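Enquirer: For reference, this is work-v1.txt, and it has compact mmCIF, C-alpha atoms.
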```
# COMPACT_ATOMS: atom_id res chain seq x y z
CA MET M 1 -42.71 30.06 -21.04
CA SER M 2 -45.57 32.04 -22.60
CA LYS M 3 -44.83 35.60 -23.69
CA HIS M 4 -46.77 38.73 -22.82
CA ILE M 5 -49.42 39.28 -25.48
CA LEU M 6 -50.70 42.57 -24.02
CA SER M 7 -48.97 45.19 -21.87
CA ILE M 8 -50.66 48.42 -20.79
CA GLU M 9 -48.47 50.93 -18.95
CA HIS M 10 -49.57 54.17 -17.24
CA LEU M 11 -52.55 54.56 -19.58
CA ASN M 12 -54.65 57.73 -19.24
CA LYS M 13 -57.65 58.70 -21.32
CA ASN M 14 -59.41 62.06 -21.16
CA PHE M 15 -62.50 63.28 -22.94
CA GLY M 16 -61.90 67.04 -22.79
CA SER M 17 -61.32 67.92 -19.13
CA LEU M 18 -62.94 64.65 -17.95
CA GLN M 19 -60.47 61.88 -17.06
CA ILE M 20 -62.01 58.50 -17.91
CA LEU M 21 -58.99 56.19 -17.38
CA LYS M 22 -56.43 56.91 -14.63
CA ASP M 23 -52.94 55.37 -14.71
CA VAL M 24 -54.07 51.90 -15.84
CA ASN M 25 -51.39 49.16 -15.74
CA ILE M 26 -52.26 45.62 -16.91
CA SER M 27 -50.34 42.79 -18.54
CA MET M 28 -51.52 39.41 -19.80
CA LYS M 29 -49.74 36.38 -21.24
CA GLU M 30 -50.55 34.35 -24.34
CA GLY M 31 -53.58 32.14 -23.68
CA ASP M 32 -54.85 34.29 -20.78
CA PHE M 33 -58.56 35.09 -20.50
CA LEU M 34 -58.56 38.59 -18.98
CA VAL M 35 -61.94 39.93 -17.85
CA LEU M 36 -62.42 43.66 -17.23
CA VAL M 37 -65.30 43.95 -14.77
CA GLY M 38 -66.93 46.82 -12.93
CA PRO M 39 -70.15 48.85 -12.70
CA SER M 40 -71.54 50.85 -15.63
CA GLY M 41 -69.44 53.92 -16.39
CA CYS M 42 -66.23 52.60 -14.76
CA GLY M 43 -64.25 52.88 -18.02
CA LYS M 44 -63.95 49.20 -19.00
CA SER M 45 -65.39 49.60 -22.54
CA THR M 46 -63.27 52.73 -23.08
CA LEU M 47 -60.19 50.69 -22.10
CA LEU M 48 -61.18 47.95 -24.57
CA ASN M 49 -61.66 50.57 -27.31
CA CYS M 50 -58.18 51.96 -26.55
CA ILE M 51 -56.71 48.43 -26.94
CA ALA M 52 -58.62 48.05 -30.23
CA GLY M 53 -57.48 51.46 -31.50
CA LEU M 54 -61.05 52.79 -31.71
CA GLU M 55 -60.11 55.47 -29.14
CA GLU M 56 -56.86 57.41 -29.04
CA VAL M 57 -55.06 57.35 -25.71
CA THR M 58 -54.19 60.61 -23.94
CA SER M 59 -50.93 59.22 -22.54
CA GLY M 60 -49.33 55.87 -21.77
CA VAL M 61 -48.36 52.76 -23.73
CA ILE M 62 -50.31 49.81 -25.18
CA LYS M 63 -48.19 46.96 -26.54
CA ILE M 64 -49.50 43.88 -28.36
CA SER M 65 -46.77 41.21 -28.64
CA SER M 66 -44.18 43.79 -27.52
CA GLN M 67 -45.11 46.20 -30.34
CA ASP M 68 -46.21 49.70 -29.36
CA MET M 69 -49.73 50.19 -30.74
CA VAL M 70 -50.20 53.91 -30.05
CA GLY M 71 -50.99 55.50 -33.41
CA VAL M 72 -51.44 52.11 -35.17
CA SER M 73 -54.83 51.79 -36.92
CA PRO M 74 -57.27 49.07 -35.72
CA LYS M 75 -56.91 47.00 -38.91
CA ASP M 76 -53.14 46.73 -38.38
CA ARG M 77 -53.30 45.56 -34.76
CA ASP M 78 -54.01 41.86 -35.50
CA ILE M 79 -57.09 41.84 -33.25
CA ALA M 80 -60.69 40.70 -33.72
CA MET M 81 -63.58 42.28 -31.85
CA VAL M 82 -66.98 40.85 -30.90
CA PHE M 83 -69.56 43.50 -30.02
CA GLN M 84 -72.64 43.47 -27.81
CA SER M 85 -74.78 44.46 -30.83
CA TYR M 86 -73.44 41.61 -33.11
CA ALA M 87 -72.81 44.22 -35.91
CA LEU M 88 -73.73 41.79 -38.73
CA TYR M 89 -74.45 42.87 -42.31
CA PRO M 90 -78.23 42.38 -42.65
CA THR M 91 -78.26 41.77 -46.43
CA MET M 92 -75.53 39.12 -46.38
CA SER M 93 -75.93 35.43 -45.57
CA VAL M 94 -74.26 33.98 -42.49
CA ALA M 95 -71.52 32.48 -44.68
CA LYS M 96 -70.79 35.84 -46.34
CA ASN M 97 -70.79 37.65 -42.98
CA ILE M 98 -68.18 35.23 -41.68
CA THR M 99 -65.93 35.28 -44.79
CA PHE M 100 -66.27 39.02 -45.54
CA SER M 101 -62.99 40.07 -43.87
CA MET M 102 -61.10 37.31 -45.67
CA LYS M 103 -62.62 38.38 -48.98
CA VAL M 104 -61.53 41.99 -48.37
CA ARG M 105 -58.00 40.74 -47.68
CA ARG M 106 -58.16 38.75 -50.97
CA ILE M 107 -57.57 35.39 -49.31
CA ASP M 108 -57.84 32.42 -51.68
CA ALA M 109 -61.45 31.17 -52.06
CA ALA M 110 -60.50 27.57 -51.13
CA VAL M 111 -58.87 28.80 -47.89
CA GLN M 112 -61.97 30.93 -47.14
CA GLN M 113 -64.22 27.87 -47.58
CA LYS M 114 -61.98 25.68 -45.41
CA LYS M 115 -61.91 28.25 -42.58
CA LEU M 116 -65.68 28.81 -42.86
CA ASN M 117 -66.35 25.07 -42.54
CA GLU M 118 -64.00 24.73 -39.55
CA VAL M 119 -65.52 27.67 -37.66
CA ALA M 120 -69.12 26.71 -38.50
CA SER M 121 -68.46 23.21 -37.18
CA LEU M 122 -66.76 24.54 -34.04
CA LEU M 123 -69.69 26.88 -33.28
CA GLN M 124 -72.38 24.41 -34.44
CA ILE M 125 -73.86 26.79 -37.03
CA SER M 126 -73.20 24.76 -40.22
CA GLU M 127 -76.94 24.50 -40.98
CA LEU M 128 -77.38 28.30 -40.70
CA LEU M 129 -74.85 29.36 -43.36
CA ASP M 130 -77.46 30.29 -46.02
CA ARG M 131 -79.70 32.29 -43.67
CA LYS M 132 -79.76 36.06 -43.22
CA PRO M 133 -79.20 37.60 -39.73
CA ALA M 134 -82.91 38.54 -39.42
CA GLN M 135 -83.79 34.82 -39.53
CA LEU M 136 -81.58 34.02 -36.52
CA SER M 137 -82.12 34.09 -32.76
CA GLY M 138 -79.95 36.30 -30.54
CA GLY M 139 -77.75 33.37 -29.54
CA GLN M 140 -77.28 32.31 -33.17
CA ARG M 141 -76.34 35.88 -34.18
CA GLN M 142 -73.77 36.01 -31.42
CA ARG M 143 -72.26 32.72 -32.68
CA VAL M 144 -72.01 34.22 -36.18
CA ALA M 145 -70.31 37.33 -34.76
CA MET M 146 -67.86 35.04 -32.94
CA GLY M 147 -67.33 33.02 -36.15
CA ARG M 148 -66.43 36.19 -38.03
CA ALA M 149 -63.81 36.96 -35.36
CA LEU M 150 -62.44 33.39 -35.27
CA VAL M 151 -61.68 33.15 -39.02
CA ARG M 152 -59.35 36.12 -38.60
CA ASP M 153 -57.11 33.96 -36.36
CA PRO M 154 -55.88 37.11 -34.58
CA GLN M 155 -53.29 37.47 -31.82
CA LEU M 156 -55.92 38.94 -29.52
CA PHE M 157 -59.72 38.63 -29.25
CA LEU M 158 -61.67 41.53 -27.73
CA PHE M 159 -65.22 40.88 -26.46
CA ASP M 160 -67.39 43.87 -25.47
CA GLU M 161 -70.29 42.63 -23.26
CA PRO M 162 -71.16 40.01 -25.91
CA LEU M 163 -73.88 38.25 -23.86
CA SER M 164 -75.76 41.18 -22.32
CA ASN M 165 -78.53 41.10 -24.98
CA LEU M 166 -79.33 37.44 -24.33
CA ASP M 167 -81.78 35.95 -21.83
CA ALA M 168 -80.43 34.22 -18.71
CA LYS M 169 -80.55 30.64 -20.08
CA LEU M 170 -78.87 31.58 -23.36
CA ARG M 171 -76.24 33.60 -21.52
CA LEU M 172 -75.35 30.50 -19.52
CA GLU M 173 -75.09 28.36 -22.69
CA MET M 174 -72.97 30.94 -24.53
CA ARG M 175 -70.71 31.35 -21.50
CA THR M 176 -69.99 27.61 -21.66
CA GLU M 177 -69.32 27.88 -25.43
CA ILE M 178 -66.88 30.77 -24.96
CA LYS M 179 -65.07 28.89 -22.19
CA ARG M 180 -64.84 25.79 -24.43
CA LEU M 181 -63.52 27.89 -27.33
CA HIS M 182 -60.86 29.48 -25.13
CA HIS M 183 -59.75 26.07 -23.92
CA SER M 184 -59.68 24.40 -27.37
CA LEU M 185 -57.97 27.29 -29.20
CA ASN M 186 -55.76 28.54 -26.33
CA ALA M 187 -56.92 31.98 -27.50
CA SER M 188 -55.82 35.22 -25.83
CA ILE M 189 -59.00 37.08 -24.86
CA VAL M 190 -59.85 40.44 -23.26
CA TYR M 191 -63.51 40.39 -22.23
CA VAL M 192 -65.61 43.24 -20.84
CA THR M 193 -68.64 42.62 -18.62
CA HIS M 194 -70.51 44.21 -15.71
CA ASP M 195 -71.66 40.72 -14.62
CA GLN M 196 -69.35 39.47 -11.88
CA ILE M 197 -70.61 35.86 -12.17
CA GLU M 198 -69.58 35.93 -15.86
CA ALA M 199 -66.19 37.31 -14.79
CA MET M 200 -65.66 34.62 -12.14
CA THR M 201 -66.62 31.70 -14.41
CA LEU M 202 -64.75 32.74 -17.57
CA ALA M 203 -61.55 34.46 -16.45
CA THR M 204 -58.07 33.18 -15.78
CA LYS M 205 -57.36 36.77 -14.65
CA ILE M 206 -59.76 39.52 -13.51
CA ALA M 207 -59.22 43.28 -13.40
CA VAL M 208 -61.85 44.98 -11.22
CA MET M 209 -62.43 48.63 -12.19
CA LYS M 210 -64.11 51.57 -10.50
CA GLY M 211 -64.10 55.22 -11.59
CA GLY M 212 -61.48 54.62 -14.31
CA GLU M 213 -59.01 52.99 -11.91
CA ILE M 214 -57.95 49.38 -11.42
CA GLN M 215 -58.95 48.27 -7.92
CA GLN M 216 -57.43 44.79 -8.05
CA ILE M 217 -55.96 42.34 -10.57
CA GLY M 218 -55.76 38.64 -9.79
CA SER M 219 -57.10 35.13 -10.38
CA PRO M 220 -60.83 34.61 -9.71
CA ASN M 221 -59.90 32.85 -6.45
CA GLU M 222 -57.66 35.73 -5.27
CA ILE M 223 -60.31 38.34 -6.08
CA TYR M 224 -63.02 36.31 -4.32
CA SER M 225 -61.08 35.12 -1.27
CA ARG M 226 -58.75 38.08 -0.68
CA PRO M 227 -60.43 41.25 -1.99
CA ALA M 228 -58.02 44.20 -1.89
CA ASN M 229 -60.65 46.62 -0.56
CA MET M 230 -64.31 46.92 0.43
CA PHE M 231 -65.41 47.86 -3.10
CA VAL M 232 -64.05 44.60 -4.55
CA ALA M 233 -65.45 42.61 -1.59
CA ASP M 234 -68.91 44.07 -2.13
CA PHE M 235 -68.90 43.95 -5.95
CA MET M 236 -67.60 40.40 -6.50
CA GLY M 237 -69.75 37.47 -5.43
CA SER M 238 -73.48 36.80 -5.38
CA PRO M 239 -74.75 37.27 -2.72
CA SER M 240 -71.92 39.71 -2.00
CA MET M 241 -69.61 39.53 1.00
CA ASN M 242 -71.13 40.50 4.36
CA LEU M 243 -69.40 43.67 5.62
CA ILE M 244 -69.98 43.89 9.38
CA PRO M 245 -68.87 46.84 11.57
CA ALA M 246 -67.01 45.58 14.64
CA ILE M 247 -64.45 46.44 17.32
CA VAL M 248 -61.32 44.27 17.06
CA ARG M 249 -58.21 43.92 19.18
CA ASN M 250 -55.39 41.41 19.32
CA VAL M 251 -55.41 39.29 22.47
CA LYS M 252 -53.41 36.21 23.52
CA GLU M 253 -55.81 33.82 21.74
CA GLY M 254 -55.88 35.77 18.45
CA ALA M 255 -58.11 38.62 17.27
CA ARG M 256 -61.10 39.35 19.52
CA ILE M 257 -64.10 40.60 17.50
CA GLU M 258 -67.02 42.39 19.18
CA ILE M 259 -70.14 42.96 17.08
CA ASP M 260 -73.22 44.91 18.22
CA CYS M 261 -76.23 42.62 17.80
CA GLY M 262 -78.87 44.75 19.51
CA GLU M 263 -78.59 42.78 22.78
CA ASP M 264 -77.25 43.92 26.17
CA LYS M 265 -73.84 42.52 25.37
CA PRO M 266 -72.12 42.31 21.97
CA LEU M 267 -71.54 39.11 20.01
CA THR M 268 -67.91 38.14 20.74
CA LEU M 269 -65.93 35.93 18.35
CA ILE M 270 -62.25 34.90 18.44
CA ASP M 271 -60.25 34.60 15.20
CA PRO M 272 -57.17 32.46 16.03
CA ARG M 273 -55.12 34.64 13.63
CA LYS M 274 -53.91 37.99 14.98
CA ILE M 275 -54.19 41.00 12.68
CA ALA M 276 -50.60 41.95 11.87
CA LYS M 277 -51.37 45.62 11.31
CA LEU M 278 -52.85 46.03 14.82
CA ASP M 279 -50.73 46.54 17.93
CA ASN M 280 -51.44 44.18 20.82
CA GLY M 281 -54.23 45.55 23.02
CA GLU M 282 -55.08 48.34 20.53
CA GLU M 283 -58.83 48.56 19.88
CA ARG M 284 -59.84 49.43 16.33
CA GLU M 285 -63.14 49.93 14.57
CA VAL M 286 -62.95 47.66 11.55
CA ILE M 287 -65.25 46.11 8.96
CA VAL M 288 -65.24 42.31 9.12
CA GLY M 289 -65.86 40.68 5.72
CA LEU M 290 -67.36 37.17 5.62
CA ARG M 291 -68.85 35.43 2.59
CA PRO M 292 -72.37 33.96 3.14
CA GLU M 293 -70.96 30.40 2.80
CA ASP M 294 -68.62 31.13 5.72
CA ILE M 295 -71.64 31.66 8.01
CA THR M 296 -73.50 28.37 7.91
CA ASN M 297 -74.84 25.29 9.73
CA PRO M 298 -72.72 24.32 12.77
CA GLU M 299 -72.93 20.57 11.99
CA ASN M 300 -69.77 19.20 10.35
CA ARG M 301 -67.97 22.54 10.77
CA GLU M 302 -65.23 21.98 13.30
CA GLY M 303 -61.83 23.57 13.78
CA ALA M 304 -59.94 26.25 15.67
CA SER M 305 -61.38 29.00 13.47
CA ILE M 306 -65.08 27.99 13.83
CA GLU M 307 -67.11 30.06 16.31
CA VAL M 308 -70.78 29.17 16.87
CA ALA M 309 -73.30 31.82 17.95
CA THR M 310 -77.07 32.09 18.26
CA CYS M 311 -78.61 34.85 16.12
CA LEU M 312 -82.17 36.09 15.57
CA VAL M 313 -83.40 35.38 12.02
CA ASP M 314 -85.13 38.27 10.20
CA VAL M 315 -85.74 36.73 6.78
CA VAL M 316 -85.65 33.18 5.35
CA GLU M 317 -84.96 32.84 1.61
CA PRO M 318 -85.24 29.27 0.19
CA ALA M 319 -83.14 29.11 -3.01
CA GLY M 320 -83.39 25.46 -4.10
CA SER M 321 -79.91 24.12 -3.43
CA ASP M 322 -79.42 26.47 -0.43
CA THR M 323 -81.46 28.34 2.15
CA TYR M 324 -80.33 31.88 2.96
CA LEU M 325 -80.97 33.36 6.41
CA VAL M 326 -80.74 37.11 7.02
CA THR M 327 -79.89 38.37 10.51
CA GLN M 328 -78.88 41.79 11.90
CA LEU M 329 -75.29 42.23 13.05
CA GLY M 330 -73.55 45.55 13.57
CA GLY M 331 -76.69 47.29 12.30
CA LYS M 332 -76.34 45.56 8.88
CA ASN M 333 -78.22 42.79 7.11
CA VAL M 334 -75.97 39.72 7.26
CA THR M 335 -76.66 36.73 5.01
CA ALA M 336 -75.85 33.14 6.04
CA ARG M 337 -75.83 30.33 3.47
CA MET M 338 -77.39 27.23 5.01
CA ARG M 339 -78.16 23.72 3.75
CA ALA M 340 -81.36 23.41 1.72
CA ASP M 341 -82.99 21.25 4.42
CA THR M 342 -82.47 23.85 7.18
CA ILE M 343 -85.80 24.42 8.95
CA VAL M 344 -86.10 27.81 10.64
CA ARG M 345 -88.70 30.60 10.55
CA ALA M 346 -88.33 34.36 10.60
CA GLY M 347 -88.42 35.56 14.22
CA GLU M 348 -86.73 32.41 15.55
CA ASN M 349 -83.16 31.99 16.76
CA ALA M 350 -80.70 29.95 14.71
CA ARG M 351 -77.25 28.63 15.59
CA LEU M 352 -74.69 29.84 13.06
CA ALA M 353 -71.08 28.74 12.57
CA PHE M 354 -68.70 31.58 11.65
CA ASP M 355 -65.55 30.39 9.83
CA LEU M 356 -63.17 33.15 10.91
CA GLU M 357 -60.20 31.71 9.04
CA LYS M 358 -61.94 33.10 5.93
CA ALA M 359 -62.54 36.57 7.44
CA SER M 360 -61.25 39.71 5.72
CA TYR M 361 -60.67 42.92 7.73
CA PHE M 362 -60.99 46.41 6.26
CA LEU M 363 -60.44 49.96 7.53
CA PRO M 364 -63.81 51.78 7.59
CA GLU M 365 -62.21 55.13 6.60
CA THR M 366 -60.41 53.98 3.44
CA GLY M 367 -61.87 50.55 2.69
CA GLU M 368 -58.29 49.18 2.52
CA ARG M 369 -57.63 45.57 3.50
CA LEU M 370 -55.91 45.00 6.87
CA ASN M 371 -54.99 41.28 6.74
```
Could I get this file's structure written as structure tokens?
Expert:
Amino acid sequence: MSKHILSIEHLNKNFGSLQILKDVNISMKEGDFLVLVGPSGCGKSTLLNCIAGLEEVTSGVIKISSQDMVGVSPKDRDIAMVFQSYALYPTMSVAKNITFSMKVRRIDAAVQQKKLNEVASLLQISELLDRKPAQLSGGQRQRVAMGRALVRDPQLFLFDEPLSNLDAKLRLEMRTEIKRLHHSLNASIVYVTHDQIEAMTLATKIAVMKGGEIQQIGSPNEIYSRPANMFVADFMGSPSMNLIPAIVRNVKEGARIEIDCGEDKPLTLIDPRKIAKLDNGEEREVIVGLRPEDITNPENREGASIEVATCLVDVVEPAGSDTYLVTQLGGKNVTARMRADTIVRAGENARLAFDLEKASYFLPETGERLN
């Protein structure tokens, strides 16, 4: 059974009177790929810097392999960090950039050469070893920065938004490389990003942050399918989850959902699952969360949880492999993900299948999940 490589308990970080991190608790096992994700200013890079020892913590505990790291200097934490800015030495060749830390630690020259060759081969940069950083593209520089971290063979890799300076195509390629590296080395990685697609594709475990607090920790599937609150539902996924105001009550058949659609009578849908936190017959204003792919073409979508309704289409967005339709429900723009060959124009009605088995329900006042 794999051991815990990182444990963070009741961590707080203040800058003067400003509290940046609030009672953060996270643990990860050896070989985990933990992604810290959230909007700019949510505290994710500060948390990474606390793990690295670049920031002192105000209170709380950080343990790496069960050893308390509070007060331990960064160089003694057995970590390697990859920065957004690459942080390469401009006057040194690629080879010297990669082997520099080993040279400082007086590692035998033959061992340095062996590790350099292994890492260069792994990252496909063997032909770049004599070049200077200025002669490299952004993607090549990031590979060199990763190579410098890999030769350290640390207990824990820390990545701080390493792909945000790259263009979209390169970001995709580097994401695949990082995923491949994680798989082949079984490395333990903590990775910071504001890009939720990056988080979903790379992570074995995601911690969603907002305002210095952890909103939810879970596998990519848990975060996507069962968001703990409306913030996570809205932040994770592209396009994000539809959040539709509705009146819901439990009836004999399940949960009866009424949504204002600007017509004389509301759109009524029945979810065969009752909402456990609602008393029978009690009407509640709730927010119904449905992913765009759970509102789609009625053909081939059958089952007790599928409800089909006709809705007026406001906007049609062809997106290659899919066509997105936007309609108005509950006074909100609601996006449906349809097949690419769906033919419908703005201003026309379209039949949409709502898969209510996938629905999330939230309290409008607190954003907390109800089901």
Enquirer: Return the single residue from M:Met200, M:Val248, M:Met69, M:Ile217 that is closest to Ile287 (chain M), with distances computed using only C-alpha atoms.
Expert: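 Closest to Ile287 (chain M) of all the choices is M:Val248.
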Enquirer: With distances taken over all atoms listed in the file, which residue among M:Asn229, M:Thr310, M:Gln142, M:Ser27 lies nearest Lys210 (chain M)?
Expert: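 Checking each of M:Asn229, M:Thr310, M:Gln142, M:Ser27 against Lys210 (chain M), counting all atoms listed in the file, the winner is M:Asn229.
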Enquirer: Which neighbours of region 40-42 of chain M fall inside 10 Å, counting all atoms listed in the file, when residues of the same chain fewer than 4 positions from it are skipped, and could you give them as a CSV table (one decimal) with C-alpha atoms, in the frame of the given file?
Expert:
```csv
chain,number,residue,atom,x,y,z
M,20,ILE,CA,-62.0,58.5,-17.9
M,21,LEU,CA,-59.0,56.2,-17.4
M,46,THR,CA,-63.3,52.7,-23.1
M,47,LEU,CA,-60.2,50.7,-22.1
M,193,THR,CA,-68.6,42.6,-18.6
M,194,HIS,CA,-70.5,44.2,-15.7
M,208,VAL,CA,-61.8,45.0,-11.2
M,209,MET,CA,-62.4,48.6,-12.2
M,210,LYS,CA,-64.1,51.6,-10.5
M,211,GLY,CA,-64.1,55.2,-11.6
M,212,GLY,CA,-61.5,54.6,-14.3
M,213,GLU,CA,-59.0,53.0,-11.9
M,214,ILE,CA,-58.0,49.4,-11.4
```
Enquirer: Arg180 (chain M): which residues within 12 Å, counting all atoms listed in the file, same-chain residues fewer than 5 positions away excluded, as a PyMOL selection string?
Expert: chain M and resi 33+122-123+173-175+185-187+201-202
Enquirer: Near Gly60 (chain M), counting all atoms listed in the file, which residues have an atom at most 6 Å away, once you skip same-chain residues fewer than 6 positions from it, shown as a list of chain:residue names?
Expert: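 In the requested form, the answer reads M:Glu9, M:His10, M:Leu11.
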Enquirer: What separation in Å, quoted to one decimal, exists between CA of Arg131 (chain M) and CA of Lys96 (chain M)?
Expert: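 Interatomic distance here is 10.0 Å.
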Enquirer: Between CA of Asn12 (chain M) and CA of Ser59 (chain M), what is the distance, to one decimal in Å?
Expert: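 So the two atoms, CA of Asn12 (chain M) and CA of Ser59 (chain M), lie 5.2 Å apart.
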Enquirer: For region 106-117 of chain M, work out the shell of residues within 9 Å, counting only C-alpha atoms and skipping chain neighbours fewer than 2 positions away, then give it as a PyMOL selection string.
Expert: chain M and resi 95+98-99+101-104+119-122+126+147-148+150-151
Enquirer: Pick out the closest residue to Gln216 (chain M) from this set: M:Leu136, M:Leu88, M:Met81, M:Ile26. Count all atoms listed in the file.
Expert: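 Result for the nearest residue to Gln216 (chain M): M:Ile26.
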Enquirer: Between M:Ile51, M:Gly237, M:Asn349, M:Pro364, which is the closest to Val72 (chain M) once you count all atoms listed in the file?
Expert: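 Of all the options, M:Ile51 lies closest to Val72 (chain M).
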Enquirer: List the spatial neighbours of Pro90 (chain M) as a ChimeraX atom specification - criterion: any atom at most 8 Å away, all atoms listed in the file, same-chain residues fewer than 3 positions off excluded.
Expert: /M:93,132-134
Enquirer: Nearest to Asp195 (chain M) among M:Val308, M:Ala340, M:Met28, M:Leu172, with distances taken over all atoms listed in the file: which residue is it?
Expert: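 With all atoms listed in the file as the atom set, the closest residue is M:Leu172.
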Enquirer: Please, what distance in Å, to one decimal, runs between CA of Met338 (chain M) and CA of Leu352 (chain M)?
Expert: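 Computed distance, CA of Met338 (chain M) to CA of Leu352 (chain M), equals 8.9 Å.
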Enquirer: Of the candidates M:Gln124, M:Asn49, M:Ser238, M:Asn333, which one gets nearest to Leu312 (chain M) if we count all atoms listed in the file?
Expert: M:Asn333
